[in-house]
>>> print(open('model.txt').read())   # compact mmCIF, C-alpha atoms and all ligand atoms
# COMPACT_ATOMS: atom_id res chain seq x y z
CA MET I 1 0.00 0.00 0.00
CA THR I 2 1.37 3.41 -0.88
CA ALA I 3 1.22 6.42 1.40
CA ASN I 4 -0.81 8.02 -1.33
CA GLU I 5 -3.72 5.67 -0.77
CA ASN I 6 -4.27 7.38 2.57
CA ARG I 7 -3.89 10.93 1.36
CA HIS I 8 -5.63 12.22 -1.71
CA PRO I 9 -4.16 15.52 -2.76
CA ALA I 10 -6.21 17.21 -5.45
CA VAL I 11 -4.28 17.43 -8.69
CA GLN I 12 -6.08 19.85 -10.95
CA PRO I 13 -4.74 22.02 -13.71
CA ARG I 14 -5.39 25.74 -13.29
CA ARG I 15 -6.54 27.62 -16.35
CA ILE I 16 -3.93 30.31 -16.32
CA ARG I 17 -2.04 32.57 -18.70
CA PHE I 18 1.02 34.73 -18.14
CA ASN I 19 2.18 37.60 -20.24
CA TYR I 20 5.55 39.21 -20.31
CA PRO I 21 5.25 42.92 -21.07
CA VAL I 22 7.62 44.13 -23.77
CA ALA I 23 11.01 45.18 -22.43
CA ALA I 24 9.96 44.26 -18.88
CA LEU I 25 12.68 41.64 -18.54
CA ASP I 26 16.37 42.34 -18.17
CA ARG I 27 18.66 40.11 -20.20
CA HIS I 28 20.00 38.69 -16.92
CA PHE I 29 16.64 38.42 -15.27
CA VAL I 30 17.81 36.56 -12.15
CA GLN I 31 19.05 39.57 -10.16
CA GLY I 32 21.51 40.47 -12.92
CA ASP I 33 23.33 37.19 -12.25
CA LEU I 34 24.96 35.56 -15.28
CA VAL I 35 25.09 31.90 -14.30
CA MET I 36 21.67 31.72 -12.63
CA SER I 37 19.99 33.58 -15.51
CA HIS I 38 21.43 31.16 -18.05
CA MET I 39 20.66 28.15 -15.87
CA ILE I 40 17.02 29.10 -15.30
CA ALA I 41 16.60 29.99 -18.99
CA HIS I 42 18.04 26.57 -19.81
CA LEU I 43 15.64 24.79 -17.44
CA SER I 44 12.73 26.70 -18.93
CA ALA I 45 13.90 25.61 -22.39
CA VAL I 46 14.03 21.96 -21.30
CA PHE I 47 10.56 21.87 -19.73
CA PRO I 48 8.18 21.66 -22.72
CA GLU I 49 9.81 18.65 -24.40
CA GLY I 50 10.69 17.13 -21.02
CA GLU I 51 7.10 17.41 -19.85
CA ASP I 52 5.83 15.92 -23.12
CA PHE I 53 8.09 12.93 -22.42
CA PHE I 54 6.64 12.64 -18.88
CA ILE I 55 3.10 12.75 -20.25
CA ARG I 56 3.82 10.05 -22.86
CA SER I 57 5.54 7.87 -20.23
CA VAL I 58 2.56 8.04 -17.86
CA ARG I 59 -0.17 7.96 -20.51
CA ARG I 60 1.15 4.66 -21.92
CA TYR I 61 0.04 3.04 -18.65
CA ALA I 62 -3.17 4.99 -18.06
CA ASP I 63 -5.37 2.03 -19.10
CA GLN I 64 -3.74 -0.24 -16.54
CA ILE I 65 -4.63 1.97 -13.58
CA THR I 66 -7.62 0.62 -11.69
CA ASP I 67 -7.56 2.82 -8.58
CA PRO I 68 -10.09 5.64 -9.28
CA ASP I 69 -8.15 8.22 -7.22
CA LEU I 70 -4.93 7.52 -9.08
CA LYS I 71 -6.83 7.65 -12.37
CA ASP I 72 -8.05 11.16 -11.46
CA GLN I 73 -4.56 12.17 -10.44
CA VAL I 74 -3.17 10.97 -13.77
CA LYS I 75 -5.72 13.15 -15.58
CA GLY I 76 -4.77 16.12 -13.39
CA PHE I 77 -1.06 15.43 -13.88
CA ILE I 78 -1.42 15.40 -17.66
CA GLY I 79 -3.52 18.59 -17.61
CA GLN I 80 -0.98 20.36 -15.41
CA GLU I 81 2.02 19.32 -17.49
CA VAL I 82 0.30 20.31 -20.76
CA THR I 83 -0.31 23.79 -19.32
CA HIS I 84 3.28 24.04 -18.04
CA GLY I 85 4.59 23.13 -21.48
CA ARG I 86 2.40 25.75 -23.16
CA GLU I 87 3.37 28.52 -20.73
CA HIS I 88 7.07 27.66 -20.84
CA ARG I 89 6.98 27.74 -24.65
CA ALA I 90 5.61 31.28 -24.43
CA LEU I 91 8.36 32.27 -21.99
CA ASN I 92 10.98 30.49 -24.10
CA GLU I 93 10.05 32.61 -27.12
CA ARG I 94 10.72 35.72 -25.01
CA LEU I 95 14.00 34.24 -23.80
CA HIS I 96 14.92 33.48 -27.41
CA GLU I 97 14.33 37.14 -28.34
CA MET I 98 16.55 38.10 -25.40
CA GLY I 99 19.37 35.98 -26.84
CA TYR I 100 19.01 32.65 -25.02
CA PRO I 101 19.38 29.48 -27.14
CA THR I 102 15.96 28.14 -26.09
CA ARG I 103 14.95 26.93 -29.58
CA ARG I 104 18.16 24.99 -30.05
CA ILE I 105 17.77 23.36 -26.63
CA ASP I 106 14.16 22.47 -27.42
CA ARG I 107 15.25 20.59 -30.58
CA LEU I 108 18.12 18.94 -28.71
CA VAL I 109 15.88 17.69 -25.89
CA ASN I 110 13.34 16.41 -28.43
CA ARG I 111 16.01 14.32 -30.17
CA ARG I 112 17.40 13.04 -26.88
CA GLN I 113 13.97 11.98 -25.58
CA LYS I 114 13.17 10.16 -28.81
CA ALA I 115 16.48 8.28 -28.55
CA ILE I 116 15.70 7.32 -24.95
CA GLU I 117 12.26 6.04 -25.98
CA ARG I 118 13.76 3.93 -28.76
CA ARG I 119 16.42 2.46 -26.54
CA PHE I 120 14.62 1.84 -23.23
CA SER I 121 11.47 -0.01 -22.22
CA PRO I 122 8.28 1.92 -21.36
CA LEU I 123 8.73 0.91 -17.71
CA THR I 124 12.23 2.40 -17.63
CA CYS I 125 10.89 5.58 -19.29
CA LEU I 126 8.35 5.74 -16.47
CA ALA I 127 11.15 5.23 -13.91
CA ILE I 128 13.08 8.08 -15.58
CA THR I 129 9.96 10.24 -15.31
CA ALA I 130 9.51 9.42 -11.62
CA ALA I 131 13.20 10.23 -10.98
CA LEU I 132 13.06 13.57 -12.80
CA GLU I 133 9.78 14.44 -11.07
CA HIS I 134 11.62 13.95 -7.77
CA PHE I 135 14.25 16.48 -8.89
CA THR I 136 11.52 18.89 -9.97
CA ALA I 137 9.59 18.49 -6.71
CA VAL I 138 12.64 19.04 -4.50
CA PHE I 139 13.63 22.22 -6.39
CA ALA I 140 10.01 23.40 -6.51
CA GLU I 141 9.58 22.95 -2.76
CA THR I 142 12.93 24.66 -2.15
CA LEU I 143 11.67 27.66 -4.11
CA LEU I 144 8.42 27.67 -2.12
CA THR I 145 10.20 27.28 1.23
CA ASP I 146 13.34 29.41 0.99
CA GLU I 147 12.85 33.18 0.87
CA ARG I 148 16.34 33.62 -0.57
CA ALA I 149 15.31 31.47 -3.52
CA GLN I 150 12.20 33.61 -4.07
CA ALA I 151 14.24 36.81 -3.75
CA LEU I 152 16.46 35.66 -6.62
CA LEU I 153 13.51 36.01 -8.97
CA GLY I 154 12.75 39.62 -8.03
CA ASN I 155 9.24 40.76 -8.79
CA THR I 156 8.76 39.83 -12.41
CA GLU I 157 6.21 37.78 -14.30
CA VAL I 158 8.86 35.03 -14.48
CA ARG I 159 8.75 34.80 -10.70
CA SER I 160 4.95 34.43 -10.73
CA MET I 161 5.15 31.82 -13.44
CA LEU I 162 7.81 29.75 -11.68
CA LEU I 163 5.90 29.93 -8.38
CA TRP I 164 2.74 28.64 -10.07
CA HIS I 165 4.74 25.86 -11.75
CA ALA I 166 6.39 25.01 -8.42
CA ILE I 167 3.01 24.68 -6.65
CA GLU I 168 1.69 22.28 -9.28
CA GLU I 169 4.92 20.24 -9.33
CA SER I 170 4.56 19.79 -5.58
CA GLU I 171 0.87 18.90 -5.97
CA HIS I 172 1.54 16.14 -8.50
CA ARG I 173 4.97 15.01 -7.26
CA SER I 174 3.83 11.46 -6.45
CA VAL I 175 1.70 10.70 -9.52
CA ALA I 176 4.38 9.24 -11.85
CA PHE I 177 5.86 7.44 -8.83
CA ASP I 178 2.51 5.86 -7.88
CA VAL I 179 1.79 4.87 -11.48
CA TYR I 180 5.21 3.22 -11.65
CA ARG I 181 4.41 1.20 -8.54
CA ALA I 182 0.85 0.43 -9.57
CA VAL I 183 1.98 -1.14 -12.85
CA GLY I 184 4.54 -3.33 -11.13
CA GLY I 185 7.70 -1.21 -11.23
CA ASP I 186 10.12 -2.52 -8.62
CA GLU I 187 12.61 -0.84 -6.31
CA THR I 188 15.68 -2.21 -8.12
CA ARG I 189 14.83 -0.52 -11.43
CA ARG I 190 13.61 2.67 -9.70
CA ILE I 191 16.84 3.11 -7.73
CA ARG I 192 19.11 1.98 -10.58
CA THR I 193 17.48 4.53 -12.86
CA MET I 194 17.98 7.32 -10.33
CA ARG I 195 21.61 6.31 -9.96
CA ILE I 196 22.09 7.29 -13.61
CA ILE I 197 19.75 10.30 -13.62
CA ARG I 198 21.35 11.93 -10.56
CA PHE I 199 24.56 12.32 -12.57
CA SER I 200 23.36 12.65 -16.14
CA PHE I 201 20.71 15.30 -15.44
CA PRO I 202 22.93 17.76 -13.49
CA LEU I 203 25.73 17.12 -16.00
CA ALA I 204 23.42 18.08 -18.88
CA VAL I 205 22.27 21.21 -17.01
CA VAL I 206 25.86 22.29 -16.33
CA THR I 207 27.09 21.57 -19.88
CA ASN I 208 24.21 23.35 -21.55
CA THR I 209 24.45 26.32 -19.18
CA LEU I 210 28.13 26.67 -20.09
CA ILE I 211 27.34 26.52 -23.82
CA SER I 212 24.61 29.12 -23.31
CA LEU I 213 27.03 31.38 -21.36
CA PHE I 214 29.65 30.97 -24.07
CA ALA I 215 27.32 32.72 -26.53
CA ASP I 216 26.73 35.69 -24.19
CA ARG I 217 29.14 38.61 -24.58
CA ALA I 218 28.52 39.67 -20.97
CA ALA I 219 30.07 36.37 -19.83
CA TYR I 220 33.42 37.49 -21.28
CA HIS I 221 33.80 39.90 -18.37
CA PRO I 222 36.06 37.75 -16.17
CA VAL I 223 35.37 39.42 -12.82
CA ARG I 224 31.62 39.29 -13.33
CA LEU I 225 31.77 35.66 -14.43
CA VAL I 226 33.98 34.51 -11.54
CA ARG I 227 31.75 36.34 -9.04
CA SER I 228 28.71 34.70 -10.51
CA PHE I 229 30.22 31.20 -10.24
CA ALA I 230 31.42 31.96 -6.70
CA ALA I 231 27.88 32.95 -5.71
CA LEU I 232 26.72 29.39 -6.46
CA ARG I 233 28.41 28.28 -3.24
CA HIS I 234 25.69 30.11 -1.34
CA SER I 235 22.84 29.21 -3.66
CA PRO I 236 19.63 28.22 -1.83
CA PHE I 237 19.22 25.48 -4.45
CA LEU I 238 22.56 23.83 -3.69
CA THR I 239 22.41 23.42 0.09
CA ARG I 240 23.10 20.29 2.07
CA ALA I 241 19.37 19.96 2.82
CA VAL I 242 18.59 19.94 -0.91
CA PHE I 243 21.19 17.24 -1.63
CA ARG I 244 19.91 15.21 1.31
CA ARG I 245 16.37 15.31 -0.03
CA LEU I 246 17.51 14.40 -3.53
CA GLY I 247 19.43 11.45 -2.07
CA GLU I 248 16.45 10.12 -0.12
CA TYR I 249 15.08 8.71 -3.37
CA MET I 250 17.83 6.06 -3.26
CA ARG I 251 16.42 4.53 -0.08
CA PRO I 252 14.32 1.38 -0.63
CA GLY I 253 10.78 2.11 0.51
CA PHE I 254 11.03 5.83 -0.21
CA HIS I 255 7.80 7.63 -1.16
CA PRO I 256 7.47 11.30 -2.20
CA ASP I 257 4.81 11.78 0.49
CA ASP I 258 7.38 11.00 3.19
CA HIS I 259 7.67 14.80 3.27
CA ASP I 260 4.37 16.42 4.15
CA ASN I 261 3.68 19.34 1.79
CA THR I 262 0.11 20.07 2.92
CA ALA I 263 0.84 23.27 4.87
CA LEU I 264 3.23 24.58 2.21
CA LEU I 265 0.66 24.09 -0.53
CA GLU I 266 -2.17 25.60 1.52
CA GLN I 267 -0.10 28.68 2.27
CA TRP I 268 0.96 29.25 -1.35
CA THR I 269 -2.40 28.41 -2.87
CA ALA I 270 -4.00 31.07 -0.65
CA ALA I 271 -1.24 33.60 -1.36
CA LEU I 272 -1.42 33.20 -5.13
CA PHE I 273 -4.91 31.99 -5.94
CA GLY I 274 -7.05 32.86 -2.91
CA GLU I 275 -9.58 35.72 -2.96
CA GLN I 276 -6.81 38.27 -2.47
CA GLY I 277 -4.32 36.08 -4.35
CA VAL I 278 -1.63 37.84 -6.32
CA LEU I 279 -2.29 35.66 -9.38
CA ALA I 280 -6.08 35.34 -9.06
CA GLY I 281 -6.38 37.75 -12.01
CA HIS I 282 -4.30 35.42 -14.21
CA LEU I 283 -6.88 32.65 -13.98
CA HIS I 284 -9.50 32.40 -16.66
FE FE C 1 5.65 20.79 -14.96
FE FE C 2 5.86 17.49 -13.13
>>> encode(input="model.txt", output="structure tokens")
Amino acid sequence: MTANENRHPAVQPRRIRFNYPVAALDRHFVQGDLVMSHMIAHLSAVFPEGEDFFIRSVRRYADQITDPDLKDQVKGFIGQEVTHGREHRALNERLHEMGYPTRRIDRLVNRRQKAIERRFSPLTCLAITAALEHFTAVFAETLLTDERAQALLGNTEVRSMLLWHAIEESEHRSVAFDVYRAVGGDETRRIRTMRIIRFSFPLAVVTNTLISLFADRAAYHPVRLVRSFAALRHSPFLTRAVFRRLGEYMRPGFHPDDHDNTALLEQWTAALFGEQGVLAGHLH
């Protein structure tokens, strides 16, 4: 029995749209910081194709799910990821205009996902999805928990968008995991897959961020670049607590709901989408 059978978090896509006013974004939109701006632009560029891969991986098993709650959660998960993909594509077009290689990354990720799907079984693709959803959930909950992480994003529409995405990632963090278990995925494959993902995913992020930086003239200012790399040592996303949580996935018997996110989600849902919510006007 999974922890999720006791708790039934609602996973429902919000009908939302963001718009980025012309010239409202600085080129280095993460507090003027080179490395973080390129890294977040890169992650945004990866999301649409990545999320399409997650949807395909889960949808392939949708017919095998018998538990009605999990069935509903799968529907909600797909709806949420479709909306994330659409909104990130809109942001990625803006980032492209600002000089970020988001289109190139989109094509690259598409090719890589297709290769993975040709080479690995559907169950391994689902295990990859569950592993990457763990990464997403840990970073999403770090953003929602750590004020320093929120401060990095200033007060822009990008901040609002990433906060909304973070809430929904936390809401559906256990769906791919529970589908994997429900269709007979075992602990050996789950942990073995994460063993590869925990190196290959950060390596891809670092490599692509460097390539992206390489094409930015501002990165050729050595003092600014060194300072920006040095600042990573104090990044709220690279703390010991974050690494510990990422590592917990390797423990046999782990479940995403081992960490209660109820209060965090209640607080942020009220702040963003409640009656006085900052983003209530974005819903349609
Ligand atoms: Fe997402
Ligand atoms: Fe997700």
>>> residues_around(input="model.txt", residues="I:Asp106", least_positions_apart="6", cutoff="12 Å", atoms="all atoms listed in the file", output="list of chain:residue names")
I:Ala41, I:His42, I:Leu43, I:Ser44, I:Ala45, I:Val46, I:Phe47, I:Pro48, I:Glu49, I:Gly50, I:Glu51, I:Asp52, I:Gly85, I:His88, I:Arg89, I:Asn92, I:Glu93, I:His96, I:Tyr100, I:Arg112, I:Gln113, I:Asn208
>>> write_last_selection(input="model.txt", atoms="C-alpha atoms", output="PDB file, keeping the file's coordinate frame")
ATOM      1  CA  ALA I  41      16.600  29.990 -18.990  1.00  0.00           C
ATOM      2  CA  HIS I  42      18.040  26.570 -19.810  1.00  0.00           C
ATOM      3  CA  LEU I  43      15.640  24.790 -17.440  1.00  0.00           C
ATOM      4  CA  SER I  44      12.730  26.700 -18.930  1.00  0.00           C
ATOM      5  CA  ALA I  45      13.900  25.610 -22.390  1.00  0.00           C
ATOM      6  CA  VAL I  46      14.030  21.960 -21.300  1.00  0.00           C
ATOM      7  CA  PHE I  47      10.560  21.870 -19.730  1.00  0.00           C
ATOM      8  CA  PRO I  48       8.180  21.660 -22.720  1.00  0.00           C
ATOM      9  CA  GLU I  49       9.810  18.650 -24.400  1.00  0.00           C
ATOM     10  CA  GLY I  50      10.690  17.130 -21.020  1.00  0.00           C
ATOM     11  CA  GLU I  51       7.100  17.410 -19.850  1.00  0.00           C
ATOM     12  CA  ASP I  52       5.830  15.920 -23.120  1.00  0.00           C
ATOM     13  CA  GLY I  85       4.590  23.130 -21.480  1.00  0.00           C
ATOM     14  CA  HIS I  88       7.070  27.660 -20.840  1.00  0.00           C
ATOM     15  CA  ARG I  89       6.980  27.740 -24.650  1.00  0.00           C
ATOM     16  CA  ASN I  92      10.980  30.490 -24.100  1.00  0.00           C
ATOM     17  CA  GLU I  93      10.050  32.610 -27.120  1.00  0.00           C
ATOM     18  CA  HIS I  96      14.920  33.480 -27.410  1.00  0.00           C
ATOM     19  CA  TYR I 100      19.010  32.650 -25.020  1.00  0.00           C
ATOM     20  CA  ARG I 112      17.400  13.040 -26.880  1.00  0.00           C
ATOM     21  CA  GLN I 113      13.970  11.980 -25.580  1.00  0.00           C
ATOM     22  CA  ASN I 208      24.210  23.350 -21.550  1.00  0.00           C
TER      23      ASN I 208
END
>>> atom_distance(input="model.txt", atom1="atom CA of I:Phe18", atom2="atom CA of I:Leu144")
19.0 Å
>>> residues_around(input="model.txt", residues="I:Leu210", least_positions_apart="3", cutoff="9 Å", atoms="only C-alpha atoms", output="PyMOL selection string")
chain I and resi 35+38-39+205-207+213-215
>>> closest_residue(input="model.txt", among="I:Phe199, I:Phe254, I:Phe54, I:Tyr20", to="ligand FE 1 (chain C)", atoms="all atoms listed in the file")
I:Phe54
>>> residues_near_ligand(input="model.txt", ligand="ligand FE 1 (chain C)", cutoff="9 Å", atoms="all atoms listed in the file", output="ChimeraX atom specification")
/I:47-48,50-51,77,80-85,133,136,165-166,168-169,172
>>> atom_distance(input="model.txt", atom1="atom CA of I:Leu126", atom2="atom CA of I:Ala241")
26.4 Å
>>> build_atoms(input="model.txt", residues="stretch 158-169 of chain I", atoms="all heavy atoms", output="JSON list (two decimals), in the coordinates of the input")
[["chain", "number", "residue", "atom", "x", "y", "z"],
["I", 158, "VAL", "N", 8.16, 36.33, -14.51],
["I", 158, "VAL", "CA", 8.86, 35.03, -14.48],
["I", 158, "VAL", "C", 8.76, 34.43, -13.08],
["I", 158, "VAL", "O", 8.54, 33.23, -12.91],
["I", 158, "VAL", "CB", 10.35, 35.18, -14.89],
["I", 158, "VAL", "CG1", 11.07, 33.84, -14.79],
["I", 158, "VAL", "CG2", 10.46, 35.72, -16.31],
["I", 159, "ARG", "N", 8.88, 35.28, -12.08],
["I", 159, "ARG", "CA", 8.75, 34.80, -10.70],
["I", 159, "ARG", "C", 7.36, 34.20, -10.49],
["I", 159, "ARG", "O", 7.22, 33.09, -9.98],
["I", 159, "ARG", "CB", 8.97, 35.97, -9.73],
["I", 159, "ARG", "CG", 8.62, 35.66, -8.29],
["I", 159, "ARG", "CD", 8.47, 36.96, -7.50],
["I", 159, "ARG", "NE", 7.72, 36.77, -6.29],
["I", 159, "ARG", "CZ", 8.26, 36.69, -5.08],
["I", 159, "ARG", "NH1", 9.54, 36.80, -4.94],
["I", 159, "ARG", "NH2", 7.52, 36.51, -4.02],
["I", 160, "SER", "N", 6.33, 34.92, -10.90],
["I", 160, "SER", "CA", 4.95, 34.43, -10.73],
["I", 160, "SER", "C", 4.78, 33.09, -11.43],
["I", 160, "SER", "O", 4.19, 32.16, -10.88],
["I", 160, "SER", "CB", 3.94, 35.41, -11.34],
["I", 160, "SER", "OG", 4.11, 36.68, -10.78],
["I", 161, "MET", "N", 5.30, 33.03, -12.64],
["I", 161, "MET", "CA", 5.15, 31.82, -13.44],
["I", 161, "MET", "C", 5.85, 30.64, -12.78],
["I", 161, "MET", "O", 5.29, 29.54, -12.68],
["I", 161, "MET", "CB", 5.74, 32.11, -14.82],
["I", 161, "MET", "CG", 5.34, 31.11, -15.83],
["I", 161, "MET", "SD", 6.61, 29.90, -15.99],
["I", 161, "MET", "CE", 6.41, 29.56, -17.71],
["I", 162, "LEU", "N", 7.07, 30.86, -12.30],
["I", 162, "LEU", "CA", 7.81, 29.75, -11.68],
["I", 162, "LEU", "C", 7.17, 29.33, -10.36],
["I", 162, "LEU", "O", 7.19, 28.15, -10.00],
["I", 162, "LEU", "CB", 9.28, 30.12, -11.50],
["I", 162, "LEU", "CG", 10.07, 30.26, -12.81],
["I", 162, "LEU", "CD1", 11.49, 30.71, -12.55],
["I", 162, "LEU", "CD2", 10.08, 28.95, -13.62],
["I", 163, "LEU", "N", 6.58, 30.29, -9.63],
["I", 163, "LEU", "CA", 5.90, 29.93, -8.38],
["I", 163, "LEU", "C", 4.68, 29.06, -8.66],
["I", 163, "LEU", "O", 4.43, 28.07, -7.98],
["I", 163, "LEU", "CB", 5.49, 31.19, -7.61],
["I", 163, "LEU", "CG", 6.63, 31.94, -6.91],
["I", 163, "LEU", "CD1", 6.12, 33.26, -6.34],
["I", 163, "LEU", "CD2", 7.27, 31.10, -5.80],
["I", 164, "TRP", "N", 3.90, 29.45, -9.67],
["I", 164, "TRP", "CA", 2.74, 28.64, -10.07],
["I", 164, "TRP", "C", 3.19, 27.23, -10.48],
["I", 164, "TRP", "O", 2.63, 26.23, -10.05],
["I", 164, "TRP", "CB", 2.00, 29.34, -11.23],
["I", 164, "TRP", "CG", 1.23, 28.42, -12.12],
["I", 164, "TRP", "CD1", 0.04, 27.82, -11.84],
["I", 164, "TRP", "CD2", 1.60, 27.99, -13.44],
["I", 164, "TRP", "NE1", -0.36, 27.04, -12.90],
["I", 164, "TRP", "CE2", 0.58, 27.13, -13.90],
["I", 164, "TRP", "CE3", 2.68, 28.25, -14.29],
["I", 164, "TRP", "CZ2", 0.62, 26.51, -15.16],
["I", 164, "TRP", "CZ3", 2.72, 27.66, -15.52],
["I", 164, "TRP", "CH2", 1.71, 26.80, -15.96],
["I", 165, "HIS", "N", 4.24, 27.17, -11.30],
["I", 165, "HIS", "CA", 4.74, 25.86, -11.75],
["I", 165, "HIS", "C", 5.20, 25.04, -10.53],
["I", 165, "HIS", "O", 4.91, 23.85, -10.42],
["I", 165, "HIS", "CB", 5.88, 26.07, -12.75],
["I", 165, "HIS", "CG", 6.25, 24.82, -13.50],
["I", 165, "HIS", "ND1", 7.07, 24.82, -14.59],
["I", 165, "HIS", "CD2", 5.92, 23.52, -13.29],
["I", 165, "HIS", "CE1", 7.22, 23.58, -15.04],
["I", 165, "HIS", "NE2", 6.53, 22.77, -14.26],
["I", 166, "ALA", "N", 5.88, 25.71, -9.60],
["I", 166, "ALA", "CA", 6.39, 25.01, -8.42],
["I", 166, "ALA", "C", 5.23, 24.42, -7.60],
["I", 166, "ALA", "O", 5.31, 23.27, -7.14],
["I", 166, "ALA", "CB", 7.23, 25.96, -7.57],
["I", 167, "ILE", "N", 4.17, 25.18, -7.41],
["I", 167, "ILE", "CA", 3.01, 24.68, -6.65],
["I", 167, "ILE", "C", 2.48, 23.40, -7.30],
["I", 167, "ILE", "O", 2.27, 22.38, -6.64],
["I", 167, "ILE", "CB", 1.88, 25.74, -6.61],
["I", 167, "ILE", "CG1", 2.29, 26.89, -5.70],
["I", 167, "ILE", "CG2", 0.57, 25.13, -6.13],
["I", 167, "ILE", "CD1", 1.23, 27.99, -5.62],
["I", 168, "GLU", "N", 2.29, 23.44, -8.61],
["I", 168, "GLU", "CA", 1.69, 22.28, -9.28],
["I", 168, "GLU", "C", 2.65, 21.09, -9.31],
["I", 168, "GLU", "O", 2.22, 19.94, -9.24],
["I", 168, "GLU", "CB", 1.20, 22.68, -10.69],
["I", 168, "GLU", "CG", 0.08, 23.71, -10.59],
["I", 168, "GLU", "CD", -0.77, 23.85, -11.86],
["I", 168, "GLU", "OE1", -0.37, 23.37, -12.92],
["I", 168, "GLU", "OE2", -1.85, 24.45, -11.74],
["I", 169, "GLU", "N", 3.96, 21.35, -9.40],
["I", 169, "GLU", "CA", 4.92, 20.24, -9.33],
["I", 169, "GLU", "C", 4.85, 19.56, -7.97],
["I", 169, "GLU", "O", 4.95, 18.34, -7.86],
["I", 169, "GLU", "CB", 6.35, 20.72, -9.60],
["I", 169, "GLU", "CG", 6.62, 21.06, -11.05],
["I", 169, "GLU", "CD", 6.30, 19.92, -12.01],
["I", 169, "GLU", "OE1", 6.56, 18.75, -11.68],
["I", 169, "GLU", "OE2", 5.77, 20.21, -13.09]]
